[in-house]
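Have a look at target.cif below; it lists mmCIF, C-alpha atoms.
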data_protein
loop_
_atom_site.label_atom_id
_atom_site.label_comp_id
_atom_site.auth_asym_id
_atom_site.auth_seq_id
_atom_site.Cartn_x
_atom_site.Cartn_y
_atom_site.Cartn_z
CA MET A 13 0.00 0.00 0.00
CA ILE A 14 1.07 3.61 -0.54
CA ASP A 15 0.41 4.35 3.15
CA LYS A 16 1.22 8.03 2.81
CA ILE A 17 2.14 10.86 0.49
CA ARG A 18 4.12 14.04 0.96
CA LEU A 19 1.66 16.93 0.62
CA PHE A 20 2.58 20.58 0.13
CA ILE A 21 -0.52 22.79 0.31
CA ILE A 22 -0.16 26.26 -1.21
CA GLU A 23 -3.23 28.26 -0.27
CA CYS A 24 -4.42 31.76 -1.04
CA VAL A 25 -7.38 32.94 1.01
CA ASP A 26 -8.91 36.33 0.30
CA PRO A 27 -9.14 38.86 3.17
CA MET A 28 -12.71 37.87 4.05
CA ASP A 29 -11.79 34.18 4.14
CA LEU A 30 -8.94 35.09 6.46
CA LEU A 31 -11.21 37.03 8.81
CA GLN A 32 -13.84 34.29 8.85
CA GLU A 33 -11.25 31.51 9.15
CA ARG A 34 -12.20 29.64 5.98
CA SER A 35 -9.13 27.59 5.20
CA GLU A 36 -9.10 24.43 3.14
CA ALA A 37 -5.44 23.98 4.04
CA LYS A 38 -5.95 23.93 7.81
CA ALA A 39 -8.76 21.38 7.56
CA LEU A 40 -6.77 19.16 5.20
CA GLU A 41 -3.66 19.41 7.34
CA LYS A 42 -5.38 18.05 10.45
CA ILE A 43 -7.04 15.12 8.70
CA CYS A 44 -4.12 14.25 6.43
CA LYS A 45 -1.67 14.20 9.32
CA ALA A 46 -4.06 11.90 11.22
CA ILE A 47 -4.12 9.62 8.17
CA GLY A 48 -0.32 9.50 8.20
CA HIS A 49 0.57 11.86 5.36
CA GLU A 50 3.41 14.34 5.71
CA VAL A 51 1.90 17.82 5.29
CA ALA A 52 3.22 21.37 5.04
CA ILE A 53 1.18 24.53 4.45
CA LEU A 54 2.55 27.50 2.53
CA ARG A 55 0.27 30.56 2.47
CA ALA A 56 0.58 32.73 -0.63
CA PHE A 57 -0.83 36.25 -0.92
CA CYS A 58 0.42 37.13 -4.40
CA GLU A 59 1.87 35.61 -7.57
CA GLN A 60 5.40 36.24 -6.31
CA ASP A 61 4.68 34.09 -3.26
CA LEU A 62 3.39 31.26 -5.44
CA VAL A 63 6.47 31.37 -7.68
CA LYS A 64 8.77 31.44 -4.65
CA TYR A 65 7.08 28.47 -2.96
CA LEU A 66 7.02 26.30 -6.08
CA ASP A 67 10.71 26.91 -6.62
CA TYR A 68 11.35 26.08 -2.97
CA ILE A 69 9.40 22.80 -3.17
CA SER A 70 11.34 21.77 -6.28
CA SER A 71 14.57 21.86 -4.26
CA ILE A 72 13.50 18.81 -2.20
CA ASP A 73 16.39 16.36 -2.00
CA GLY A 74 15.58 12.64 -1.86
CA ASN A 75 19.12 11.86 -0.71
CA TYR A 76 18.11 12.85 2.81
CA ILE A 77 15.22 10.37 2.85
CA ALA A 78 15.47 6.81 4.18
CA ALA A 79 15.71 4.30 1.33
CA ASN A 80 12.36 2.66 2.16
CA HIS A 81 10.61 6.04 1.90
CA ALA A 82 12.48 7.45 -1.09
CA ARG A 83 9.69 6.78 -3.60
CA VAL A 84 6.77 8.19 -1.60
CA PRO A 85 4.54 10.24 -3.96
CA LEU A 86 4.75 14.01 -3.60
CA CYS A 87 1.69 16.15 -4.25
CA VAL A 88 1.50 19.92 -4.68
CA HIS A 89 -2.03 21.03 -3.75
CA ILE A 90 -2.94 24.56 -4.86
CA SER A 91 -6.04 26.05 -3.23
CA ALA A 92 -7.37 29.42 -4.38
CA HIS A 93 -10.32 31.29 -5.83
CA GLY A 94 -10.60 31.12 -9.60
CA ASN A 95 -12.61 30.83 -12.79
CA ALA A 96 -12.26 29.17 -16.18
CA ASN A 97 -9.40 31.51 -17.11
CA GLY A 98 -7.14 30.99 -14.10
CA ILE A 99 -6.73 31.42 -10.34
CA SER A 100 -6.34 34.39 -7.98
CA PHE A 101 -3.62 35.17 -5.49
CA GLY A 102 -4.52 38.42 -3.74
CA ARG A 103 -4.73 41.12 -6.41
CA ASP A 104 -2.88 38.92 -8.89
CA PHE A 105 -4.89 36.89 -11.37
CA ILE A 106 -2.80 34.07 -12.83
CA ASN A 107 -3.98 32.62 -16.13
CA TRP A 108 -3.14 29.03 -17.03
CA HIS A 109 -0.07 29.98 -19.04
CA ARG A 110 1.37 31.94 -16.14
CA LEU A 111 0.55 29.09 -13.78
CA PHE A 112 2.45 26.77 -16.12
CA LEU A 113 5.43 29.15 -15.97
CA ALA A 114 5.18 29.30 -12.17
CA LEU A 115 5.16 25.49 -12.05
CA SER A 116 8.27 25.23 -14.25
CA PRO A 117 10.58 24.26 -11.35
CA ILE A 118 8.22 21.40 -10.43
CA LEU A 119 8.08 20.30 -14.07
CA LYS A 120 11.79 20.64 -14.84
CA ASP A 121 13.89 20.67 -11.68
CA MET A 122 12.76 17.70 -9.58
CA SER A 123 15.69 15.46 -10.46
CA GLN A 124 16.65 15.01 -6.80
CA TYR A 125 13.29 13.43 -5.95
CA ASN A 126 12.57 9.81 -6.87
CA GLY A 127 8.83 9.52 -6.17
CA GLU A 128 5.85 10.30 -8.38
CA VAL A 129 4.88 13.97 -8.60
CA LEU A 130 1.20 14.91 -8.53
CA ILE A 131 -0.58 18.27 -8.78
CA SER A 132 -4.01 19.13 -7.37
CA ILE A 133 -5.83 22.39 -8.12
CA SER A 134 -8.78 23.29 -5.93
CA ALA A 135 -10.57 26.32 -7.35
CA CYS A 136 -13.75 27.33 -9.09
CA GLY A 137 -13.24 26.97 -12.84
CA ALA A 138 -10.35 24.51 -12.47
CA GLY A 139 -12.35 21.97 -14.45
CA GLN A 140 -11.76 24.17 -17.52
CA GLN A 141 -8.01 24.47 -16.84
CA LYS A 142 -5.57 24.71 -19.73
CA LEU A 143 -2.52 23.63 -17.75
CA VAL A 144 -2.44 20.22 -19.44
CA ASP A 145 -2.53 21.94 -22.85
CA GLU A 146 0.47 24.06 -21.85
CA ILE A 147 2.42 21.00 -20.73
CA GLU A 148 1.57 19.04 -23.88
CA ALA A 149 2.57 21.97 -26.10
CA GLU A 150 5.88 22.42 -24.28
CA ILE A 151 6.74 18.73 -24.62
CA ALA A 152 5.81 18.72 -28.31
CA LYS A 153 8.07 21.73 -28.85
CA TYR A 154 11.06 20.05 -27.24
CA HIS A 155 10.51 16.90 -29.25
CA ILE A 156 11.01 19.03 -32.36
CA ASP A 157 13.94 21.02 -30.98
CA SER A 158 16.20 18.27 -29.63
CA GLU A 159 18.89 20.77 -28.63
CA HIS A 160 16.77 21.72 -25.64
CA LEU A 161 16.21 18.22 -24.29
CA ASN A 162 18.19 19.13 -21.20
CA ARG A 163 15.25 21.38 -20.27
CA HIS A 164 12.65 18.70 -21.05
CA VAL A 165 9.45 19.00 -19.03
CA GLU A 166 8.71 15.98 -16.87
CA PRO A 167 4.90 15.89 -16.81
CA PRO A 168 3.28 15.05 -13.47
CA GLU A 169 1.83 11.54 -13.49
CA TYR A 170 -1.57 12.94 -12.53
CA ILE A 171 -3.19 16.36 -12.32
CA PHE A 172 -6.37 16.55 -10.23
CA VAL A 173 -8.85 19.44 -10.34
CA THR A 174 -12.23 20.46 -9.02
CA GLU A 175 -14.98 20.47 -11.64
CA GLY A 176 -18.07 21.58 -9.69
CA SER A 177 -20.42 20.70 -6.87
CA GLN A 178 -24.14 20.29 -6.32
CA GLY A 179 -24.68 20.16 -10.09
CA LYS A 180 -23.11 23.59 -10.63
CA ASP A 181 -19.83 24.66 -12.21
CA VAL A 182 -18.68 26.29 -8.99
CA VAL A 183 -17.19 24.52 -5.98
CA TYR A 184 -18.36 25.47 -2.50
CA TRP A 185 -15.75 25.69 0.24
CA ASP A 186 -17.25 22.95 2.42
CA ASP A 187 -17.78 20.60 -0.52
CA ALA A 188 -14.21 21.09 -1.71
CA THR A 189 -12.78 20.51 1.76
CA VAL A 190 -14.76 17.32 2.34
CA SER A 191 -14.00 16.01 -1.16
CA TRP A 192 -10.25 16.52 -0.91
CA THR A 193 -10.25 15.01 2.59
CA VAL A 194 -11.88 11.87 1.23
CA PHE A 195 -9.53 11.90 -1.76
CA TYR A 196 -6.36 11.96 0.33
CA HIS A 197 -7.79 9.42 2.75
CA GLN A 198 -8.66 6.94 0.02
CA ILE A 199 -5.46 7.41 -1.97
CA SER A 200 -3.56 6.13 1.05
CA LYS A 201 -5.44 2.82 0.73
CA LEU A 202 -4.21 2.14 -2.81
CA LYS A 203 -1.45 -0.38 -3.46
CA ALA A 204 -0.30 1.93 -6.24
CA ILE A 205 -1.57 5.12 -7.82
CA ASN A 206 -3.24 3.84 -10.98
CA ASP A 207 -6.29 4.57 -13.12
CA GLU A 208 -8.51 1.89 -11.62
CA GLY A 209 -7.97 3.10 -8.07
CA ILE A 210 -8.15 6.80 -8.90
CA HIS A 211 -11.32 6.45 -10.96
CA GLN A 212 -13.03 4.53 -8.15
CA ILE A 213 -12.09 7.24 -5.65
CA LEU A 214 -13.42 10.02 -7.87
CA ASP A 215 -16.66 8.14 -8.49
CA ASP A 216 -17.14 7.53 -4.77
CA ILE A 217 -16.55 11.23 -4.01
CA GLU A 218 -19.11 12.29 -6.59
CA HIS A 219 -21.73 9.91 -5.19
CA ALA A 220 -21.06 10.84 -1.56
CA THR A 221 -20.57 14.62 -1.80
CA LYS A 222 -22.16 15.60 -5.13
CA THR A 223 -18.77 17.14 -5.96
CA LEU A 224 -16.93 16.28 -9.14
CA LEU A 225 -13.14 15.99 -9.19
CA ARG A 226 -11.36 15.35 -12.47
CA SER A 227 -8.11 13.50 -13.10
CA PHE A 228 -5.68 13.93 -15.98
CA LYS A 229 -3.27 11.00 -16.41
CA TRP A 230 -0.12 11.35 -18.50
CA ASP A 231 0.03 8.84 -21.35
CA THR A 232 3.61 8.21 -22.45
CA LYS A 233 2.51 6.68 -25.78
CA THR A 234 0.42 9.60 -27.02
CA GLN A 235 2.39 12.21 -25.07
CA LYS A 236 -0.91 13.66 -23.90
CA TYR A 237 -3.10 13.70 -20.82
CA VAL A 238 -6.15 11.46 -20.63
CA GLU A 239 -9.08 13.01 -18.78
CA TYR A 240 -11.44 11.16 -16.47
#
Write-out of the structure in structure tokens:
Amino acid sequence: MIDKIRLFIIECVDPMDLLQERSEAKALEKICKAIGHEVAILRAFCEQDLVKYLDYISSIDGNYIAANHARVPLCVHISAHGNANGISFGRDFINWHRLFLALSPILKDMSQYNGEVLISISACGAGQQKLVDEIEAEIAKYHIDSEHLNRHVEPPEYIFVTEGSQGKDVVYWDDATVSWTVFYHQISKLKAINDEGIHQILDDIEHATKTLLRSFKWDTKTQKYVEY
């Protein structure tokens, strides 16, 4: 069994969320630590914070990890407000292209980490994300220009996003929090992160919470993501 994952939660709450103590990250941290996951919260208030934290996470060095835990999956969970065009960090609105650029260290500079890398995006509109298109286009470009293979993007095995809840294309805070809690609980029960297990988890979440999460799995043959 996987048993646990390493979870970095980057969260941007708007000022009203902060005052009223609405935090997906805090709720996930408590439950995920109880499950046995390793969890760290990084709170971002602007695009510069997001870029800084993603670069910081990419510096993780697997050489300092015990051999029997070296291949534990690592997940970057981004929680923010958003719409079909991107996500918000304070006054900064980050479209999908700029999010792709911000994620570049995770996509290109994770050579010191041996486990699978996953990305989760929890935001309204994330179901219409174009991040996978950006990754596919970048990989196609480097296949043509072989001189730049040293900067080849390593696509995350899976990208998970919120699609909507209660039959709407928005995701309510409580629905998102409960859904991701169930997601990270159930993923720890899998023997391996694979389509069969992931699809069952997403189906169970939809039935139990009326919230739809989507997965995008990298296909090495087609060099594209397959949506579920």
Nearby residues (only C-alpha atoms) at most 12 Å from A:Lys64, same-chain spacing under 4 positions excluded, as a PyMOL selection string: chain A and resi 22+54-60+68-71+114-118
Would you kindly identify which residues have an atom no farther than 12 Å from (-3.9, 31.3, -18.7), using all atoms listed in the file and the file's own coordinates, and write them out as a PyMOL selection string? chain A and resi 94-100+105-114+137-138+140-146
Written selection (C-alpha atoms) as a compact mmCIF listing (two decimals), keeping the file's coordinate frame:
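Generated output (out_18.txt):
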# COMPACT_ATOMS: atom_id res chain seq x y z
CA GLY A 94 -10.60 31.12 -9.60
CA ASN A 95 -12.61 30.83 -12.79
CA ALA A 96 -12.26 29.17 -16.18
CA ASN A 97 -9.40 31.51 -17.11
CA GLY A 98 -7.14 30.99 -14.10
CA ILE A 99 -6.73 31.42 -10.34
CA SER A 100 -6.34 34.39 -7.98
CA PHE A 105 -4.89 36.89 -11.37
CA ILE A 106 -2.80 34.07 -12.83
CA ASN A 107 -3.98 32.62 -16.13
CA TRP A 108 -3.14 29.03 -17.03
CA HIS A 109 -0.07 29.98 -19.04
CA ARG A 110 1.37 31.94 -16.14
CA LEU A 111 0.55 29.09 -13.78
CA PHE A 112 2.45 26.77 -16.12
CA LEU A 113 5.43 29.15 -15.97
CA ALA A 114 5.18 29.30 -12.17
CA GLY A 137 -13.24 26.97 -12.84
CA ALA A 138 -10.35 24.51 -12.47
CA GLN A 140 -11.76 24.17 -17.52
CA GLN A 141 -8.01 24.47 -16.84
CA LYS A 142 -5.57 24.71 -19.73
CA LEU A 143 -2.52 23.63 -17.75
CA VAL A 144 -2.44 20.22 -19.44
CA ASP A 145 -2.53 21.94 -22.85
CA GLU A 146 0.47 24.06 -21.85
Here's the selection I'm unsure about, the PyMOL selection byres ((chain A and resi 14) around 10); applied to the file above, which residues does it give, as a compact mmCIF listing (two decimals) with C-alpha atoms, keeping the file's coordinate frame?
# COMPACT_ATOMS: atom_id res chain seq x y z
CA MET A 13 0.00 0.00 0.00
CA ASP A 15 0.41 4.35 3.15
CA LYS A 16 1.22 8.03 2.81
CA ILE A 17 2.14 10.86 0.49
CA ARG A 83 9.69 6.78 -3.60
CA VAL A 84 6.77 8.19 -1.60
CA PRO A 85 4.54 10.24 -3.96
CA ILE A 199 -5.46 7.41 -1.97
CA SER A 200 -3.56 6.13 1.05
CA LYS A 201 -5.44 2.82 0.73
CA LEU A 202 -4.21 2.14 -2.81
CA LYS A 203 -1.45 -0.38 -3.46
CA ALA A 204 -0.30 1.93 -6.24
CA ILE A 205 -1.57 5.12 -7.82
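Residues matched by the PyMOL selection byres ((chain A and resi 225) around 9) in this file: Gly139, Phe172, Val173, Thr174, Glu175, Gly176, Ser177, Ser191, Trp192, Leu214, Asp215, Ile217, Glu218, Thr223, Leu224, Arg226, Ser227 and Tyr240 of chain A.
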Would you output that residue set with C-alpha atoms, as a CSV table (one decimal), in the coordinates of the input?
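Written output follows (again.csv):
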chain,number,residue,atom,x,y,z
A,139,GLY,CA,-12.4,22.0,-14.4
A,172,PHE,CA,-6.4,16.6,-10.2
A,173,VAL,CA,-8.8,19.4,-10.3
A,174,THR,CA,-12.2,20.5,-9.0
A,175,GLU,CA,-15.0,20.5,-11.6
A,176,GLY,CA,-18.1,21.6,-9.7
A,177,SER,CA,-20.4,20.7,-6.9
A,191,SER,CA,-14.0,16.0,-1.2
A,192,TRP,CA,-10.2,16.5,-0.9
A,214,LEU,CA,-13.4,10.0,-7.9
A,215,ASP,CA,-16.7,8.1,-8.5
A,217,ILE,CA,-16.6,11.2,-4.0
A,218,GLU,CA,-19.1,12.3,-6.6
A,223,THR,CA,-18.8,17.1,-6.0
A,224,LEU,CA,-16.9,16.3,-9.1
A,226,ARG,CA,-11.4,15.4,-12.5
A,227,SER,CA,-8.1,13.5,-13.1
A,240,TYR,CA,-11.4,11.2,-16.5
Which residues, named as in the file, does the PyMOL selection byres ((chain A and resi 51) around 12) pick out? Answer as number ranges by chain. A: 16-22, 37-50, 52-54, 86-89, 196
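Going from atom CA of A:Asp186 to atom CA of A:Leu130 covers 22.9 Å.
Closest approach to A:Tyr237 among A:Val190, A:Val183, A:Phe195, A:Ala149 is made by A:Ala149 (distances from all atoms listed in the file).
In this model, the gap between atom CA of A:Ile77 and atom CA of A:Asn126 comes to 10.1 Å.
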Between atom CA of A:Leu31 and atom CA of A:Thr193, what is the distance, to one decimal in Å? 22.9 Å
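Among the candidate residues A:Tyr154, A:Phe228, A:Tyr170, A:Tyr184, the one lying nearest to A:Ala135 is A:Tyr184, with distances computed using all atoms listed in the file.
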So, counting all atoms listed in the file, which residue among A:Gln178, A:Ser91, A:Thr221, A:Ser134 is closest to A:Cys24? A:Ser91
